[in-house]
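Chemist: Below: one structure in structure tokens.
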Amino acid sequence: MNLLSPSIVPRTQISSYVNFLVPLIAIILTLLTGSLIFSLLGFNPIHSLYTFFISPISSLYGFSELLVKATPLALIAIGLSYCFKNNIYNIGAEGQLIMGAIFGGGVAIYFYNVEGFWLLPLMLLAGVIGGSLWALIPALLKTKFNTNEILTSLMLVYVATFILDYLVVGPWKDPSGFSYPKSRPFNESARMPELFDGLRVHFGLIITLFLVFISWFIFSKTIFGFQLKVSGLSIKAARFAGFNQNKLIISAFIICGGFAGLAGLGEVSGPIGLLYRDISPNYGFTAIIVAFLGRLHPVGIIFSSLIIALTYLGAEDAQVFLQIPSAVGFIFQGLVLFYLLGAELLVNYKIQFGKIS
Amino acid sequence: MIRIITFITTFLFLIFGSANADQKKVGFIYIGPPGDHGWTYMHDVGRKYMESQLGDSISTTYIENVPENADAVRAIRKLADSGHDLIFTTSFNYMDQTHEVAKDFPQIKFEHATGYIQADNVATYSARFYEGRMIEGHIAGHMTKTNTIGYIASYPIPEVVRGINAFYLAASKVNPDIKMKIIWVFTWYDPGKEADAANTLINQGADIIVQHTDTYAPCQAAQKAGVLAFGQASNQEEFCPDSHLTAIEDIWGPYYAARAKAVVDGTWSSGDTWDGMDKGMVVMSPYNTKLMPASLIQEAVNMEVAIKDGTLHPFTGPIYNQAGEIVVPEGEVAPDGMLLGMNFYVQGIDGEVPQ
């Protein structure tokens with residue numbers, strides 16, 4: 001073997017700073033590459049980065065918008081981490097989000113002329129049930145027939161989209177909406193209360209923070225969390241310890257689906273206020289980046305959801321103040337994920353030149 | 001002390017002074033990218049025309065790819081918050097979002113394209129695209145060999161249904177055997193979906209593709225399959241030279257310039273504008289001489305002249321609905337009110353408007 005050929009070998013010892021260091025390095029590299037791109041486009045990199053990352057949140061309204069955008073991302077990502085920790089790749093959170101919006105929104109449409117304090121809690125419950133049921137399908141397929149959950153969960157996203165399409169074009173269409181495919185607007189008591197007057201940040205934020213805290217508790221303090229982690233690390237060890245793998249898979253999917261469904265309900269009863277086809281700008285997919293950027297840790301996910309949310313807002317400011325195309329936002333999301341995965345590799349493995357000893 | 005004040009004012013001047021204090025800022029919300037070479041492209045052409053007409057008295061910005069959901073509120077508010085005086089929201093489904101933001105910024109003027117709800121600071125504007133549809137229908141009636149027209153429709157709103165009816169009335173007049181196949185794609189901007197729909201229609205025997213969506217993808221699909229097509233919103237001949245018969249061009253520039261001038265002069269007032277060929281808001285692209293016989297081109301040009309001087313109206317009675325009831329009596333033309341709320345097919349079109 002050529003002594004000079006590089007090879008990738010696993011590291012035997014992994015430093016404990018890694019959890020903080022990896023995302024940090026990825027973000028720094030993203031910023032550096034970003035400034036390089038801005039310079040090549042002929043913009044002052046410092047000013048551009050300021051416009052992209054600071055100016056969107058320099059007002060109270062802007063900061064509230066950041067939270068509005070980060071809320072569903074964090075909620076879905078924390079749900080996904082139940083699955084990902086257990087090495088279950090649920091890619092279909094988007095579909096579970098849509099199902100949550102359909103179930104919860106359906107309640108609001110059914111009671112469109114009935115107001116009451118009980119309406120929103122009922123919708124929340126329906127949203128959770130909708131998302132969970134949708135997630136249960138790939139879970140059962142996996143446990144009963146050993147199908148690949150990546151494919152089944154992904155394909156169910158499109159099924160959910162078409163069901164929503166059918167509903168807003170057909171039976172749930174607003175009778176006074178000029179046959180435009182959207183539902184009736186929800187009534188006041190079916191809307192998430194706003195936390196502050198004039199800002200769109202809503203009660204969903206409180207729910208999200210609460211669930212993030214609960215998840216932290218489950219992950220670090222309960223046997224269930226321990227089981228998830230162990231079976232994610234080594235199925236054999238988990239079996240040896242007598243953990244019921246199927247039960248873990250189903251619970252992880254149900255929790256994840258429930259969280260995604262709640263996020264969907266939060267969107268339609270929060271900022272949107274009705275059902276139509278484009279309720280989610282792919283929150284369910286973007287949350288996958290958020291979950292990994294946060295290294296599946298509740299605190300990490302809070303920070304990463306804010307960062308990814310910022311790339312959306314920044315893209316708008318970059319257009320208004322710098323006349324840079326909107327694609328720049330996606331470039332930043334792509335860069336973060338790219339560097340994150342790259343850094344991850346270098347944390348767990350090292351590049352060794354020469355023969356493997 | 002004076003030095004400090006001088007310093008601060010100089011500093012402030014450097015930050016804010018580069019913009020002319022009287023300069024009005026005009027912002028646009030686009031549903032797609034200007035590179036769609038269709039709907040958004042033509043709004044961007046209008047924006048540039050406005051800039052060229054008004055020079056330094058205005059500056060313009062736009063936000064592209066704004067989804068028609070809760071994000072639109074933030075994008076519109078971003079323009080409002082950053083000192084824009086006039087904001088154009090250029091898609092039908094920005095209606096609720098435009099009004100939501102406009103409510104909070106009474107001093108800012110909003111213009112919502114193709115909408116039907118006005119407010120003190122929200123005007124609406126649209127073009128009588130159906131006049132162009134009539135000419136397209138006439139051409140298609142003559143040009144089709146399979147007697148089957150494929151129509152890619154976006155949303156079942158009156159604007160789109162009106163186009164379908166105007167097209168069919170003119171086409172069936174010259175060719176009573178003509179059949180329309182309509183696919184509702186429920187999107188304005190989705191090149192993939194638009195091309196899929198075109199291919200499906202072609203497979204079903206359509207030899208002319210008509211579209212009411214934003215991109216040139218259907219026209220390209222037609223070119224690939226060797227059938228004919230009409231471009232949409234802008235002259236798309238360069239993307240499908242062997243298929244492109246003509247296109248309805250949306251000419252927004254003069255309207256945009258007039259509205260921005262009104263803001264500069266302080267004379268802007270809300271209202272609803274619905275202009276057609278006579279005002280130059282709807283223009284037919286050059287007719288394709290390689291594909292169309294000279295006599296047909298002459299007929300189309302004559303129709304343009306007649307539409308402009310008011311002697312030809314696409315919705316001239318007798319017009320019947322699918323149930324066979326007369327909706328526009330002989331010798332009359334459909335009133336604007338009926339056109340604005342049109343949600344039924346005329347007699348002869350198969351299927352139903354999605355309800």
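Letters for chains follow the order of the structure tokens (A, B, ...), residue numbers begin at 1 for each chain, and ligand numbers begin at 1 in the order shown.
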Please identify all polymer residues within 8 Å of stretch 301-318 of chain A, counting only C-alpha atoms, omitting same-chain residues fewer than 5 positions from it, and present them as a ChimeraX atom specification.
Modeler: /A:48,51-53,55-56,66-67,69-71,73-74,77-78,287,290-291,293-296,323-330,332-333 /B:63,75,78
Chemist: Do a neighbour search on B:Lys290 at 10 Å with only C-alpha atoms, toss out local chain neighbours closer than 4 positions, and write the hits as a PyMOL selection string.
Modeler: chain B and resi 241-245+294
Chemist: With only C-alpha atoms as the atoms that count, which of B:Asp81, B:Glu136, B:Glu68, B:Asp36 lies nearest to B:Leu296?
Modeler: B:Glu136
Chemist: As a PyMOL selection string, please: every residue in stretch 96-233 of chain B that a backbone DSSP assignment puts in alpha helix (DSSP H).
Modeler: chain B and resi 96-104+129-143+158-174+191-203+217-225
Chemist: Residues of chain A within 7 Å of chain B, counting only C-alpha atoms, what are they? List them as a PyMOL selection string.
Modeler: chain A and resi 170+178-180+271-272+278-279+316+319-320+326
Chemist: Find the residues around A:Ala252 up to 9 Å (only C-alpha atoms counted), leave out those fewer than 5 positions away in its own chain, and share them as a PDB file with C-alpha atoms, in the first residue's frame.
Modeler:
ATOM      1  CA  GLY A  79     -39.684  15.909  18.051  1.00  0.00           C
ATOM      2  CA  LEU A  80     -37.328  14.651  15.369  1.00  0.00           C
ATOM      3  CA  SER A  81     -34.572  14.213  17.915  1.00  0.00           C
ATOM      4  CA  TYR A  82     -36.643  11.448  19.592  1.00  0.00           C
ATOM      5  CA  CYS A  83     -36.443   9.577  16.302  1.00  0.00           C
ATOM      6  CA  PHE A  84     -32.915  10.500  15.284  1.00  0.00           C
ATOM      7  CA  ASN A  86     -32.829   6.151  18.143  1.00  0.00           C
ATOM      8  CA  ILE A  88     -34.919   6.211  13.106  1.00  0.00           C
ATOM      9  CA  ALA A 139     -43.845   3.269  12.463  1.00  0.00           C
ATOM     10  CA  LEU A 228     -33.634   5.667  23.100  1.00  0.00           C
ATOM     11  CA  LYS A 247     -42.050  -0.163  21.340  1.00  0.00           C
ATOM     12  CA  GLY A 257     -45.596  13.174  14.837  1.00  0.00           C
TER      13      GLY A 257
END
Chemist: For B:Gly46, which residue out of B:Met281, B:Leu228, B:Leu340, B:Ala222 is the nearest one, using only C-alpha atoms?
Modeler: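 Closest candidate: B:Met281.
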Chemist: When DSSP is applied to the backbone of this structure, which of stretch 1-200 of chain A are assigned strand (DSSP E)? Write them out as an mmCIF file with N, CA and C atoms, in the first residue's frame.
Modeler:
data_model
loop_
_atom_site.group_PDB
_atom_site.id
_atom_site.type_symbol
_atom_site.label_atom_id
_atom_site.label_comp_id
_atom_site.auth_asym_id
_atom_site.auth_seq_id
_atom_site.Cartn_x
_atom_site.Cartn_y
_atom_site.Cartn_z
ATOM 1 N N PRO A 6 -3.907 9.058 1.934
ATOM 2 C CA PRO A 6 -4.626 9.350 3.173
ATOM 3 C C PRO A 6 -5.783 8.375 3.368
ATOM 4 N N SER A 7 -6.083 8.104 4.594
ATOM 5 C CA SER A 7 -7.243 7.268 4.863
ATOM 6 C C SER A 7 -7.963 7.827 6.088
ATOM 7 N N ILE A 8 -9.218 7.458 6.221
ATOM 8 C CA ILE A 8 -10.022 7.980 7.327
ATOM 9 C C ILE A 8 -10.154 6.899 8.382
ATOM 10 N N VAL A 9 -9.715 7.219 9.567
ATOM 11 C CA VAL A 9 -9.819 6.211 10.638
ATOM 12 C C VAL A 9 -10.577 6.806 11.822
ATOM 13 N N PRO A 10 -11.310 5.992 12.537
ATOM 14 C CA PRO A 10 -12.058 6.499 13.688
ATOM 15 C C PRO A 10 -11.115 6.984 14.782
#
Chemist: Measuring between only C-alpha atoms, which one of A:Ala238, A:Leu209, A:Phe162, A:Gly130 shows the shortest distance to A:Val107?
Modeler: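 Answer, going by the shortest atom-to-atom distance: A:Gly130.
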Chemist: Rounded to one decimal, what separation in Å do you get between atom CA of A:Leu335 and atom CA of A:Phe353?
Modeler: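 These two atoms are separated by 27.5 Å.
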Chemist: Which residues come within 9 Å of B:Ala166, counting only C-alpha atoms, excluding same-chain residues fewer than 5 positions away, as a list of chain:residue names?
Modeler: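 Here the answer would be B:Tyr130, B:Glu131, B:Gly132, B:Arg133, B:Met134, B:Ile135, B:Gly137, B:Val161, B:Ala171, B:Pro314, B:Phe315.
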Chemist: Which one of A:Phe259, A:Tyr61, A:Phe321, A:Tyr276 sits closest to A:Ile163 if you count only C-alpha atoms?
Modeler: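 Of the candidates, the smallest distance to A:Ile163 is held by A:Tyr276.
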Chemist: Show me, as a list in words, the residues that have an atom within 10 Å of B:Ile164 when counting only C-alpha atoms, minus same-chain residues fewer than 3 positions from it.
Modeler: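 Using only C-alpha atoms, the neighbours found are Tyr130, Arg133, Met134, Gly137, Tyr151, Ile152, Ala153, Pro158, Glu159, Val160, Val161, Phe167, Tyr168, Leu169, Met180, Ile182, Val210, Gln211, His212, Tyr345, Val346 and Ile349 of chain B.
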Chemist: Quick one: residues within 7 Å of stretch 98-101 of chain A, only C-alpha atoms, excluding same-chain residues fewer than 6 positions away - as a list in words?
Modeler: Gly127, Val128, Gly130, Gly131, Trp134, Ala160, Thr161, Gly261, Leu262, Gly264, Leu265 and Val268 of chain A
